[in-house]
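What follows is a single structure, written as structure tokens, with notes after it.
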Amino acid sequence: MTSRNKPLHDWVDEVARLTRPKNIHWCDGSQKEYDDLVALMLDTGDLMELNRDTNPNCFLHRSDPSDVARVEHLTFVCTSDEKDAGPNNHWMAPADAHRKLDALFDGCMQGRTLYVIPYCMGPIESPFARCGVEITDSPYVVVNMKLMTRMGKEALERIEREGRFVKGLHSIGDLDPERRFITHFPEELTIKSFGSGYGGNALLGKKCHALRIASWQARAEGWLAEHMLIVGVESPAGETHYLACAFPSACGKTNLAMLIPPESQAGWKIWTLGDDIAWLHVGRDGRLRAINPEAGYFGVVPGTNAKTNRNAYEMIRHDAIFTNVGLTADKEPWWEGKRVGEPAIDWQGRPYEPGNGPAAHPNSRFTVDAKQNPSYSTLADHPDGVPLSAIVFGGRRRELAPLVYQAKDWAHGVLVGASVASETTAAAAGEVGVVRRDPMAMKPFCGYNFADYWSHWLSFEDRADDLPGIFHVNWFRQDADGQFLWPGFGENLRVLRWIIDRCEGRVGARSTPIGLVPHAEDIDVGGLAISDATLESLLAVDTGKWRNEMDEFGEYLDAYGERLPDKLREEHEAVREALAG
Ligand code: SAT
Ligand code: MN
């Protein structure tokens, strides 16, 4: 197989001349191709089959122990002008980056197969979908891309029809952390990633294309590429509202997207459209609409059990790929927080020893086709996407941020999004649990200068007639003893209900300097062991602490200098003044 598209054909030729593979395989996306690659990896030891009776068609992949998370310090945005990448990105001059990466790619696929993966991000018929082609020497990447994207023949046909696609070149190289670089060339719609086989570094359709490159394309074309789940909340009366929620990696996006209403919330239903990425467009109806560019989930495994996320727990029992989990003696996958079974082997393949750390890596992942989710919404395949009632930002904050509050209007909402900060998690290499600024949960993923990105967000006020409300949530408040104040998981529906009631104008709110906070009686806590005092502290706004927060945020904004939109500065000043008064 090859392609009628000359630029694609020529690019594959050029890459093959550089990397010198033994074979070239054009992926058609068929089940047979998937099965053949699984068989190949079972032979080479790249995959291990899990217990066939308990976990049919499930496989375990162990990545190199040095290669278990995204590497933000090795991730670069390579624009001709450094200022376009902004203080939020690591930057390399495009020519230098090409030189450096091409030297690494030189001959790197000798003895290996080069796979050409045409893929489509978004429903194949959607005008909002965008295509890409990933070239890789990793069969693990191919099978993951098959689950995560609309990959193969149909995507290639669309590319041949349209003639445009994002080019992604990937090699696992020799997995030497010293020779690992994830580089993006937004002006050329090109990605080059070398030396990592892990998730966001290697499945180039995901963060590299659908966020970093797409955010750049979105700015030029008038839409938004965001790190957001998309969920439909259906009331007992059959009314469905769609929400897009941006939280940093490993802060519960998958759980919220697949939430199971607790017994106390009888009659409510949740529909999942996406768990990680949303592309937002102004529809013909003047409303902001969302599509999920992905077709599968690459979710955090630890903590998943029948209670925290029964939908996920059920859907990963079959036809799933696990990366870096532990094993029981019966070869069932095992992870911390699974609540059943016992670990015998850890994620590195060693006999399990508590002294060696957790059995499953804290950032161990499952990959599954989204259609396996019992709450999958078929609207996820609708070319027009779904209209949004609300945008919700959030982070992991032990203190400060209340359970929920609403921005006063769109521009204030942009400030609320820009001021998101969150404790770091195992999803990225580095220290865990330190608060860092993560505007719109896009710190690792915005492919251009945040100042320009905020201007772009602000511009939607003029682009759409009917914008969604903007909210902020924090499920992670703790008391002095480190106990969570809010039960989280399914009970979060109670907060989503307040958000929807606000969107529908059905409840009032208390105006505070940071935004509109619920009246305690409007949050349904029936059946929860939450005292009035706890609810009060969950909804409290500590003016002194917020003053410090806003001062610190102001210093953060200063780094963006002249490019910072005046409007954002004004919104920041207004909040500071309200806090002072
Ligand atoms: O490794 S990924 O970037 O795909 C997952 C995440 O960090 O959100
Ligand atoms: Mn993510």
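Going by the structure tokens order, chains are called A, B, ..., each with residues numbered from 1, while ligands are numbered from 1 in the order shown.
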
Per DSSP on the backbone, filter segment 432-495 of chain A down to the residues in strand (DSSP E or B) and report them as an mmCIF file with N, CA, C and O atoms, in the first residue's frame.
data_model
loop_
_atom_site.group_PDB
_atom_site.id
_atom_site.type_symbol
_atom_site.label_atom_id
_atom_site.label_comp_id
_atom_site.auth_asym_id
_atom_site.auth_seq_id
_atom_site.Cartn_x
_atom_site.Cartn_y
_atom_site.Cartn_z
ATOM 1 N N VAL A 435 2.112 22.998 44.344
ATOM 2 C CA VAL A 435 1.158 23.818 43.591
ATOM 3 C C VAL A 435 1.908 24.554 42.486
ATOM 4 O O VAL A 435 2.947 25.168 42.721
ATOM 5 N N ARG A 436 1.412 24.454 41.284
ATOM 6 C CA ARG A 436 1.989 25.261 40.206
ATOM 7 C C ARG A 436 0.862 25.845 39.375
ATOM 8 O O ARG A 436 -0.247 25.319 39.335
ATOM 9 N N ARG A 437 1.158 26.961 38.737
ATOM 10 C CA ARG A 437 0.143 27.606 37.901
ATOM 11 C C ARG A 437 -0.063 26.751 36.658
ATOM 12 O O ARG A 437 0.889 26.290 36.030
ATOM 13 N N ASP A 466 -24.172 33.069 22.120
ATOM 14 C CA ASP A 466 -24.729 32.405 23.284
ATOM 15 C C ASP A 466 -23.611 31.586 23.941
ATOM 16 O O ASP A 466 -23.494 30.390 23.690
ATOM 17 N N GLY A 469 -21.775 29.437 30.499
ATOM 18 C CA GLY A 469 -21.279 30.000 31.749
ATOM 19 C C GLY A 469 -19.933 29.375 32.093
ATOM 20 O O GLY A 469 -19.629 28.259 31.654
ATOM 21 N N ILE A 470 -19.112 30.107 32.847
ATOM 22 C CA ILE A 470 -17.800 29.571 33.237
ATOM 23 C C ILE A 470 -17.765 29.395 34.748
ATOM 24 O O ILE A 470 -18.147 30.302 35.500
ATOM 25 N N PHE A 471 -17.308 28.214 35.171
ATOM 26 C CA PHE A 471 -17.307 27.863 36.594
ATOM 27 C C PHE A 471 -15.916 27.350 36.993
ATOM 28 O O PHE A 471 -15.092 27.016 36.139
ATOM 29 N N HIS A 472 -15.696 27.279 38.305
ATOM 30 C CA HIS A 472 -14.467 26.672 38.832
ATOM 31 C C HIS A 472 -14.867 25.706 39.941
ATOM 32 O O HIS A 472 -15.704 26.051 40.786
ATOM 33 N N VAL A 473 -14.298 24.511 39.935
ATOM 34 C CA VAL A 473 -14.584 23.549 41.017
ATOM 35 C C VAL A 473 -13.272 23.080 41.650
ATOM 36 O O VAL A 473 -12.197 23.173 41.050
ATOM 37 N N GLN A 478 -9.014 19.833 51.785
ATOM 38 C CA GLN A 478 -8.729 18.969 52.930
ATOM 39 C C GLN A 478 -8.805 19.769 54.231
ATOM 40 O O GLN A 478 -8.597 20.980 54.233
ATOM 41 N N PHE A 484 -10.210 14.648 53.236
ATOM 42 C CA PHE A 484 -10.968 15.373 52.216
ATOM 43 C C PHE A 484 -12.301 15.842 52.786
ATOM 44 O O PHE A 484 -12.988 15.091 53.472
#

Using only C-alpha atoms and all ligand atoms, find each protein or nucleic acid residue lying at most 10 Å from ligand 2; present the set as a list in words.
->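 Checked against 10 Å with only C-alpha atoms and all ligand atoms; the hits are Gly200, Lys206, Lys207, Leu211, Glu226, His227, Met228, Leu229, Ala246, Phe247, Pro248, Ser249, Ala250, Cys251, Gly252, Lys253, Thr254, Asp275, Asp276, Ile277, Tyr297, Phe298, Gly299, Val300, Ala427, Ala441, Met442, Pro444 and Phe445 of chain A.
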
Keeping only C-alpha atoms, write the selected residues as a short mmCIF file (atom, residue, chain, number, x, y, z; two decimals), in the first residue's frame.
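What ended up in out.cif:
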data_model
loop_
_atom_site.label_atom_id
_atom_site.label_comp_id
_atom_site.auth_asym_id
_atom_site.auth_seq_id
_atom_site.Cartn_x
_atom_site.Cartn_y
_atom_site.Cartn_z
CA GLY A 200 1.71 11.57 25.57
CA LYS A 206 -3.03 13.04 21.53
CA LYS A 207 -1.22 15.91 23.30
CA LEU A 211 -3.51 20.07 21.82
CA GLU A 226 -8.64 22.38 25.05
CA HIS A 227 -7.61 19.90 27.74
CA MET A 228 -11.23 19.16 28.65
CA LEU A 229 -13.55 16.25 29.18
CA ALA A 246 -10.64 21.36 32.16
CA PHE A 247 -8.54 19.81 34.92
CA PRO A 248 -4.83 19.03 34.87
CA SER A 249 -3.64 15.45 34.17
CA ALA A 250 -4.54 12.89 36.82
CA CYS A 251 -7.11 15.15 38.58
CA GLY A 252 -10.15 13.01 37.81
CA LYS A 253 -11.27 13.99 34.28
CA THR A 254 -11.92 10.35 33.35
CA ASP A 275 -12.35 12.32 28.91
CA ASP A 276 -9.32 14.43 27.96
CA ILE A 277 -9.54 16.73 24.95
CA TYR A 297 -9.25 6.62 26.63
CA PHE A 298 -5.71 6.58 27.99
CA GLY A 299 -6.68 6.70 31.64
CA VAL A 300 -4.90 6.54 34.97
CA ALA A 427 1.38 12.26 34.97
CA ALA A 441 -5.03 23.08 32.61
CA MET A 442 -3.04 23.82 29.44
CA PRO A 444 1.99 21.57 29.32
CA PHE A 445 -0.13 21.66 26.17
#

Given the choices A:Ala69, A:Val233, A:Leu50, A:Ala578, which gets closest to ligand 1 if the distance is worked out from only C-alpha atoms and all ligand atoms?
->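 Between A:Ala69, A:Val233, A:Leu50, A:Ala578, the residue approaching ligand 1 most closely is A:Ala69.
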
Nearby residues (only C-alpha atoms) at most 9 Å from Phe165 of chain A, same-chain spacing under 2 positions excluded, as number ranges by chain = A: 8, 118, 130-133, 159, 162-163, 167, 189

Go ahead and save the residues from that selection, with C-alpha atoms, as a PDB file, in the first residue's frame.
ATOM      1  CA  LEU A   8       2.430  12.164   1.922  1.00  0.00           C
ATOM      2  CA  PRO A 118      -3.045   7.826   8.965  1.00  0.00           C
ATOM      3  CA  ARG A 130      -8.437  17.267  11.493  1.00  0.00           C
ATOM      4  CA  CYS A 131      -6.183  14.542  10.140  1.00  0.00           C
ATOM      5  CA  GLY A 132      -2.630  13.553  10.778  1.00  0.00           C
ATOM      6  CA  VAL A 133      -0.138  10.868   9.877  1.00  0.00           C
ATOM      7  CA  ILE A 159      -6.351  12.979   3.776  1.00  0.00           C
ATOM      8  CA  GLU A 162      -8.390  17.170   1.617  1.00  0.00           C
ATOM      9  CA  GLY A 163      -4.674  17.107   0.944  1.00  0.00           C
ATOM     10  CA  LYS A 167       3.070  15.197  10.118  1.00  0.00           C
ATOM     11  CA  LEU A 189       2.205  21.430  11.263  1.00  0.00           C
TER      12      LEU A 189
END

Enumerate the residues of segment 41-209 of chain A with a DSSP assignment of alpha helix (DSSP H), computed from the backbone, and present them as number ranges by chain.
-> A: 41-44, 82-85, 94-105, 139-148, 153-162, 199-202

Take the residues that were just selected and, keeping N, CA and C atoms, output them as a tab-separated table (two decimals), in the first residue's frame.
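See result29.tsv below for the written result:
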chain	number	residue	atom	x	y	z
A	41	MET	N	3.99	-8.66	19.14
A	41	MET	CA	4.53	-8.14	20.41
A	41	MET	C	4.50	-9.18	21.51
A	42	LEU	N	3.59	-10.15	21.41
A	42	LEU	CA	3.63	-11.25	22.38
A	42	LEU	C	4.91	-12.06	22.16
A	43	ASP	N	5.29	-12.20	20.89
A	43	ASP	CA	6.53	-12.92	20.55
A	43	ASP	C	7.77	-12.20	21.04
A	44	THR	N	7.79	-10.89	20.83
A	44	THR	CA	9.00	-10.13	21.19
A	44	THR	C	9.05	-9.80	22.68
A	82	GLU	N	10.87	33.30	18.97
A	82	GLU	CA	10.78	32.69	20.31
A	82	GLU	C	9.56	33.21	21.08
A	83	LYS	N	9.23	34.50	20.84
A	83	LYS	CA	8.12	35.11	21.59
A	83	LYS	C	6.78	34.44	21.28
A	84	ASP	N	6.68	33.84	20.09
A	84	ASP	CA	5.41	33.18	19.76
A	84	ASP	C	5.20	31.92	20.61
A	85	ALA	N	6.27	31.32	21.07
A	85	ALA	CA	6.14	30.14	21.93
A	85	ALA	C	5.80	30.57	23.35
A	94	PRO	N	13.64	26.53	15.04
A	94	PRO	CA	13.25	25.40	14.19
A	94	PRO	C	14.44	24.73	13.50
A	95	ALA	N	15.35	25.53	12.95
A	95	ALA	CA	16.47	24.92	12.20
A	95	ALA	C	17.33	24.07	13.14
A	96	ASP	N	17.59	24.59	14.34
A	96	ASP	CA	18.40	23.84	15.31
A	96	ASP	C	17.70	22.55	15.72
A	97	ALA	N	16.38	22.67	15.94
A	97	ALA	CA	15.62	21.48	16.38
A	97	ALA	C	15.61	20.43	15.28
A	98	HIS	N	15.39	20.87	14.04
A	98	HIS	CA	15.40	19.89	12.93
A	98	HIS	C	16.76	19.20	12.85
A	99	ARG	N	17.81	20.01	12.96
A	99	ARG	CA	19.16	19.45	12.84
A	99	ARG	C	19.40	18.41	13.94
A	100	LYS	N	19.05	18.80	15.15
A	100	LYS	CA	19.26	17.92	16.31
A	100	LYS	C	18.45	16.62	16.18
A	101	LEU	N	17.18	16.78	15.83
A	101	LEU	CA	16.32	15.61	15.75
A	101	LEU	C	16.67	14.74	14.55
A	102	ASP	N	16.96	15.35	13.42
A	102	ASP	CA	17.28	14.55	12.24
A	102	ASP	C	18.55	13.74	12.47
A	103	ALA	N	19.47	14.29	13.25
A	103	ALA	CA	20.70	13.53	13.56
A	103	ALA	C	20.35	12.30	14.39
A	104	LEU	N	19.38	12.45	15.28
A	104	LEU	CA	18.96	11.30	16.09
A	104	LEU	C	18.21	10.28	15.23
A	105	PHE	N	17.39	10.78	14.31
A	105	PHE	CA	16.59	9.88	13.46
A	105	PHE	C	17.46	9.16	12.42
A	139	PRO	N	5.35	-0.80	17.35
A	139	PRO	CA	4.04	-1.45	17.17
A	139	PRO	C	3.10	-1.16	18.35
A	140	TYR	N	3.66	-0.88	19.53
A	140	TYR	CA	2.84	-0.50	20.70
A	140	TYR	C	2.09	0.80	20.40
A	141	VAL	N	2.79	1.73	19.74
A	141	VAL	CA	2.13	2.99	19.35
A	141	VAL	C	1.00	2.71	18.37
A	142	VAL	N	1.25	1.80	17.41
A	142	VAL	CA	0.21	1.52	16.40
A	142	VAL	C	-1.05	0.99	17.08
A	143	VAL	N	-0.92	0.01	17.97
A	143	VAL	CA	-2.13	-0.57	18.56
A	143	VAL	C	-2.83	0.44	19.48
A	144	ASN	N	-2.06	1.27	20.14
A	144	ASN	CA	-2.68	2.32	20.96
A	144	ASN	C	-3.40	3.35	20.10
A	145	MET	N	-2.78	3.72	18.98
A	145	MET	CA	-3.43	4.69	18.08
A	145	MET	C	-4.71	4.10	17.49
A	146	LYS	N	-4.72	2.78	17.30
A	146	LYS	CA	-5.94	2.13	16.79
A	146	LYS	C	-7.09	2.30	17.81
A	147	LEU	N	-6.76	2.21	19.10
A	147	LEU	CA	-7.81	2.35	20.12
A	147	LEU	C	-8.15	3.82	20.38
A	148	MET	N	-7.17	4.68	20.24
A	148	MET	CA	-7.34	6.09	20.65
A	148	MET	C	-7.88	7.01	19.56
A	153	LYS	N	-7.71	3.23	6.97
A	153	LYS	CA	-8.18	3.46	5.61
A	153	LYS	C	-9.03	4.72	5.45
A	154	GLU	N	-10.04	4.87	6.31
A	154	GLU	CA	-10.95	6.01	6.15
A	154	GLU	C	-10.23	7.34	6.37
A	155	ALA	N	-9.30	7.34	7.32
A	155	ALA	CA	-8.54	8.57	7.59
A	155	ALA	C	-7.67	8.89	6.37
A	156	LEU	N	-7.07	7.85	5.79
A	156	LEU	CA	-6.22	8.07	4.61
A	156	LEU	C	-7.06	8.63	3.46
A	157	GLU	N	-8.28	8.10	3.30
A	157	GLU	CA	-9.15	8.61	2.23
A	157	GLU	C	-9.47	10.08	2.44
A	158	ARG	N	-9.70	10.45	3.70
A	158	ARG	CA	-9.99	11.87	3.97
A	158	ARG	C	-8.76	12.73	3.67
A	159	ILE	N	-7.59	12.23	4.05
A	159	ILE	CA	-6.35	12.98	3.78
A	159	ILE	C	-6.17	13.16	2.27
A	160	GLU	N	-6.47	12.10	1.52
A	160	GLU	CA	-6.31	12.18	0.07
A	160	GLU	C	-7.32	13.15	-0.54
A	161	ARG	N	-8.49	13.21	0.07
A	161	ARG	CA	-9.52	14.15	-0.40
A	161	ARG	C	-9.12	15.59	-0.09
A	162	GLU	N	-8.65	15.80	1.15
A	162	GLU	CA	-8.39	17.17	1.62
A	162	GLU	C	-7.00	17.68	1.29
A	199	GLY	N	2.98	7.05	26.28
A	199	GLY	CA	1.76	7.85	26.12
A	199	GLY	C	1.91	9.17	25.39
A	200	GLY	N	1.75	10.24	26.15
A	200	GLY	CA	1.71	11.57	25.57
A	200	GLY	C	2.98	11.95	24.79
A	201	ASN	N	4.08	11.25	25.02
A	201	ASN	CA	5.29	11.53	24.26
A	201	ASN	C	5.30	10.83	22.90
A	202	ALA	N	4.52	9.74	22.80
A	202	ALA	CA	4.66	8.84	21.66
A	202	ALA	C	3.39	8.68	20.83

What's the 10 Å shell around Ile291 of chain A, counting only C-alpha atoms, without same-chain residues fewer than 2 positions away, as number ranges by chain?
-> A: 121-123, 126, 128-129, 225, 229-230, 244, 273-274, 277-281, 289, 293-294, 379-387

Please save N, CA, C and O atoms of the selected residues as a short mmCIF file (atom, residue, chain, number, x, y, z; two decimals), in the first residue's frame.
data_model
loop_
_atom_site.label_atom_id
_atom_site.label_comp_id
_atom_site.auth_asym_id
_atom_site.auth_seq_id
_atom_site.Cartn_x
_atom_site.Cartn_y
_atom_site.Cartn_z
N MET A 121 -8.54 12.98 13.83
CA MET A 121 -8.94 13.42 15.17
C MET A 121 -10.32 14.04 15.02
O MET A 121 -10.47 15.11 14.44
N GLY A 122 -11.32 13.33 15.55
CA GLY A 122 -12.71 13.78 15.43
C GLY A 122 -13.48 12.87 14.50
O GLY A 122 -12.88 12.11 13.73
N PRO A 123 -14.82 12.95 14.57
CA PRO A 123 -15.65 12.10 13.71
C PRO A 123 -15.24 12.26 12.25
O PRO A 123 -15.05 13.40 11.78
N SER A 126 -16.78 14.89 10.24
CA SER A 126 -16.97 16.21 10.85
C SER A 126 -16.11 17.27 10.18
O SER A 126 -14.91 17.07 9.98
N PHE A 128 -15.12 19.72 11.62
CA PHE A 128 -14.21 20.19 12.68
C PHE A 128 -13.07 19.21 12.94
O PHE A 128 -12.15 19.51 13.68
N ALA A 129 -13.15 18.01 12.38
CA ALA A 129 -12.08 17.02 12.58
C ALA A 129 -10.85 17.44 11.76
O ALA A 129 -10.95 18.18 10.79
N ALA A 225 -8.73 24.50 21.06
CA ALA A 225 -8.35 23.11 21.33
C ALA A 225 -7.99 23.05 22.81
O ALA A 225 -7.03 23.69 23.24
N LEU A 229 -12.60 17.35 29.40
CA LEU A 229 -13.55 16.25 29.18
C LEU A 229 -14.85 16.86 28.67
O LEU A 229 -15.09 18.07 28.83
N ILE A 230 -15.70 16.05 28.08
CA ILE A 230 -17.04 16.51 27.67
C ILE A 230 -18.05 15.51 28.23
O ILE A 230 -17.94 14.31 27.99
N ALA A 244 -18.11 21.05 29.46
CA ALA A 244 -16.72 20.74 29.13
C ALA A 244 -15.87 21.19 30.32
O ALA A 244 -16.01 22.33 30.77
N LEU A 273 -18.80 11.97 26.50
CA LEU A 273 -18.41 12.28 25.12
C LEU A 273 -16.90 12.24 24.97
O LEU A 273 -16.38 11.88 23.92
N GLY A 274 -16.19 12.62 26.03
CA GLY A 274 -14.73 12.58 25.96
C GLY A 274 -14.16 12.70 27.36
O GLY A 274 -14.85 13.17 28.27
N ILE A 277 -9.77 15.63 25.88
CA ILE A 277 -9.54 16.73 24.95
C ILE A 277 -10.86 17.13 24.30
O ILE A 277 -11.67 16.28 23.94
N ALA A 278 -11.07 18.45 24.18
CA ALA A 278 -12.26 18.95 23.49
C ALA A 278 -11.84 20.02 22.49
O ALA A 278 -10.99 20.85 22.78
N TRP A 279 -12.43 19.96 21.31
CA TRP A 279 -12.25 21.03 20.34
C TRP A 279 -13.58 21.80 20.28
O TRP A 279 -14.63 21.20 20.05
N LEU A 280 -13.49 23.11 20.51
CA LEU A 280 -14.69 23.94 20.63
C LEU A 280 -14.83 24.89 19.43
O LEU A 280 -13.86 25.55 19.06
N HIS A 281 -16.02 24.92 18.88
CA HIS A 281 -16.31 25.77 17.73
C HIS A 281 -17.60 26.53 17.95
O HIS A 281 -18.48 26.04 18.64
N ARG A 289 -19.90 24.79 20.55
CA ARG A 289 -20.13 23.35 20.45
C ARG A 289 -18.81 22.62 20.62
O ARG A 289 -17.76 23.15 20.27
N PRO A 293 -11.89 14.97 19.87
CA PRO A 293 -11.10 14.49 18.74
C PRO A 293 -10.64 13.03 18.90
O PRO A 293 -10.27 12.39 17.92
N GLU A 294 -10.72 12.51 20.11
CA GLU A 294 -10.23 11.15 20.34
C GLU A 294 -11.35 10.13 20.22
O GLU A 294 -12.53 10.48 20.25
N LEU A 379 -23.52 10.56 20.59
CA LEU A 379 -23.29 11.90 20.03
C LEU A 379 -21.80 12.20 19.89
O LEU A 379 -21.42 13.17 19.23
N ALA A 380 -20.96 11.38 20.53
CA ALA A 380 -19.51 11.55 20.36
C ALA A 380 -19.12 11.35 18.89
O ALA A 380 -18.04 11.76 18.48
N ASP A 381 -19.98 10.70 18.13
CA ASP A 381 -19.70 10.49 16.71
C ASP A 381 -20.44 11.50 15.82
O ASP A 381 -20.39 11.41 14.60
N HIS A 382 -21.14 12.43 16.44
CA HIS A 382 -21.91 13.39 15.65
C HIS A 382 -20.98 14.46 15.07
O HIS A 382 -20.22 15.08 15.81
N PRO A 383 -21.06 14.69 13.76
CA PRO A 383 -20.14 15.65 13.14
C PRO A 383 -20.22 17.07 13.73
O PRO A 383 -19.22 17.79 13.72
N ASP A 384 -21.38 17.48 14.24
CA ASP A 384 -21.51 18.85 14.77
C ASP A 384 -21.15 18.97 16.24
O ASP A 384 -21.15 20.08 16.79
N GLY A 385 -20.94 17.84 16.93
CA GLY A 385 -20.64 17.90 18.35
C GLY A 385 -21.87 18.28 19.16
O GLY A 385 -22.99 18.19 18.67
N VAL A 386 -21.64 18.70 20.39
CA VAL A 386 -22.76 19.03 21.29
C VAL A 386 -22.64 20.49 21.76
O VAL A 386 -21.53 21.01 21.92
N PRO A 387 -23.79 21.15 21.99
CA PRO A 387 -23.75 22.55 22.47
C PRO A 387 -23.41 22.58 23.96
O PRO A 387 -23.95 21.78 24.72
#

What lies within 6 Å of Leu327 of chain A using only C-alpha atoms, ignoring chain neighbours under 4 positions off, as a ChimeraX atom specification?
-> /A:331-334,343-345

Find the residues around His519 of chain A up to 8 Å (only C-alpha atoms counted), leave out those fewer than 4 positions away in its own chain, and share them as a PyMOL selection string.
-> chain A and resi 508-510+523

Find the spatial neighbours of Asn324 of chain A, counting only C-alpha atoms, within a cut-off of 6 Å - ignore same-chain residues fewer than 5 positions away - and output them as number ranges by chain.
-> A: 62, 347, 361, 364

Output file for the selection above: C-alpha atoms, as a compact mmCIF listing (two decimals), in the first residue's frame:
# COMPACT_ATOMS: atom_id res chain seq x y z
CA ARG A 62 6.00 -2.53 30.56
CA TRP A 347 5.19 -2.92 37.24
CA HIS A 361 3.33 2.80 38.70
CA SER A 364 0.14 3.43 34.97

A:Phe366, A:Phe59, A:Phe194, A:Phe393 ranked by distance to ligand 1, top pick (using only C-alpha atoms and all ligand atoms) | A:Phe366

Using only C-alpha atoms and all ligand atoms: which of A:Val301, A:Ala390, A:Val525, A:Leu493 has the shortest distance to ligand 1 | A:Val301

Which is closer to ligand 1 than all the others in A:Ile135, A:Cys58, A:Ile500, A:Val71, using only C-alpha atoms and all ligand atoms?
-> A:Val71

Can you work out the spacing between atom CA of Lys545 of chain A and atom CA of Val392 of chain A in Å, to one decimal?
->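 About the pair atom CA of Lys545 of chain A and atom CA of Val392 of chain A: they are 22.3 Å apart.
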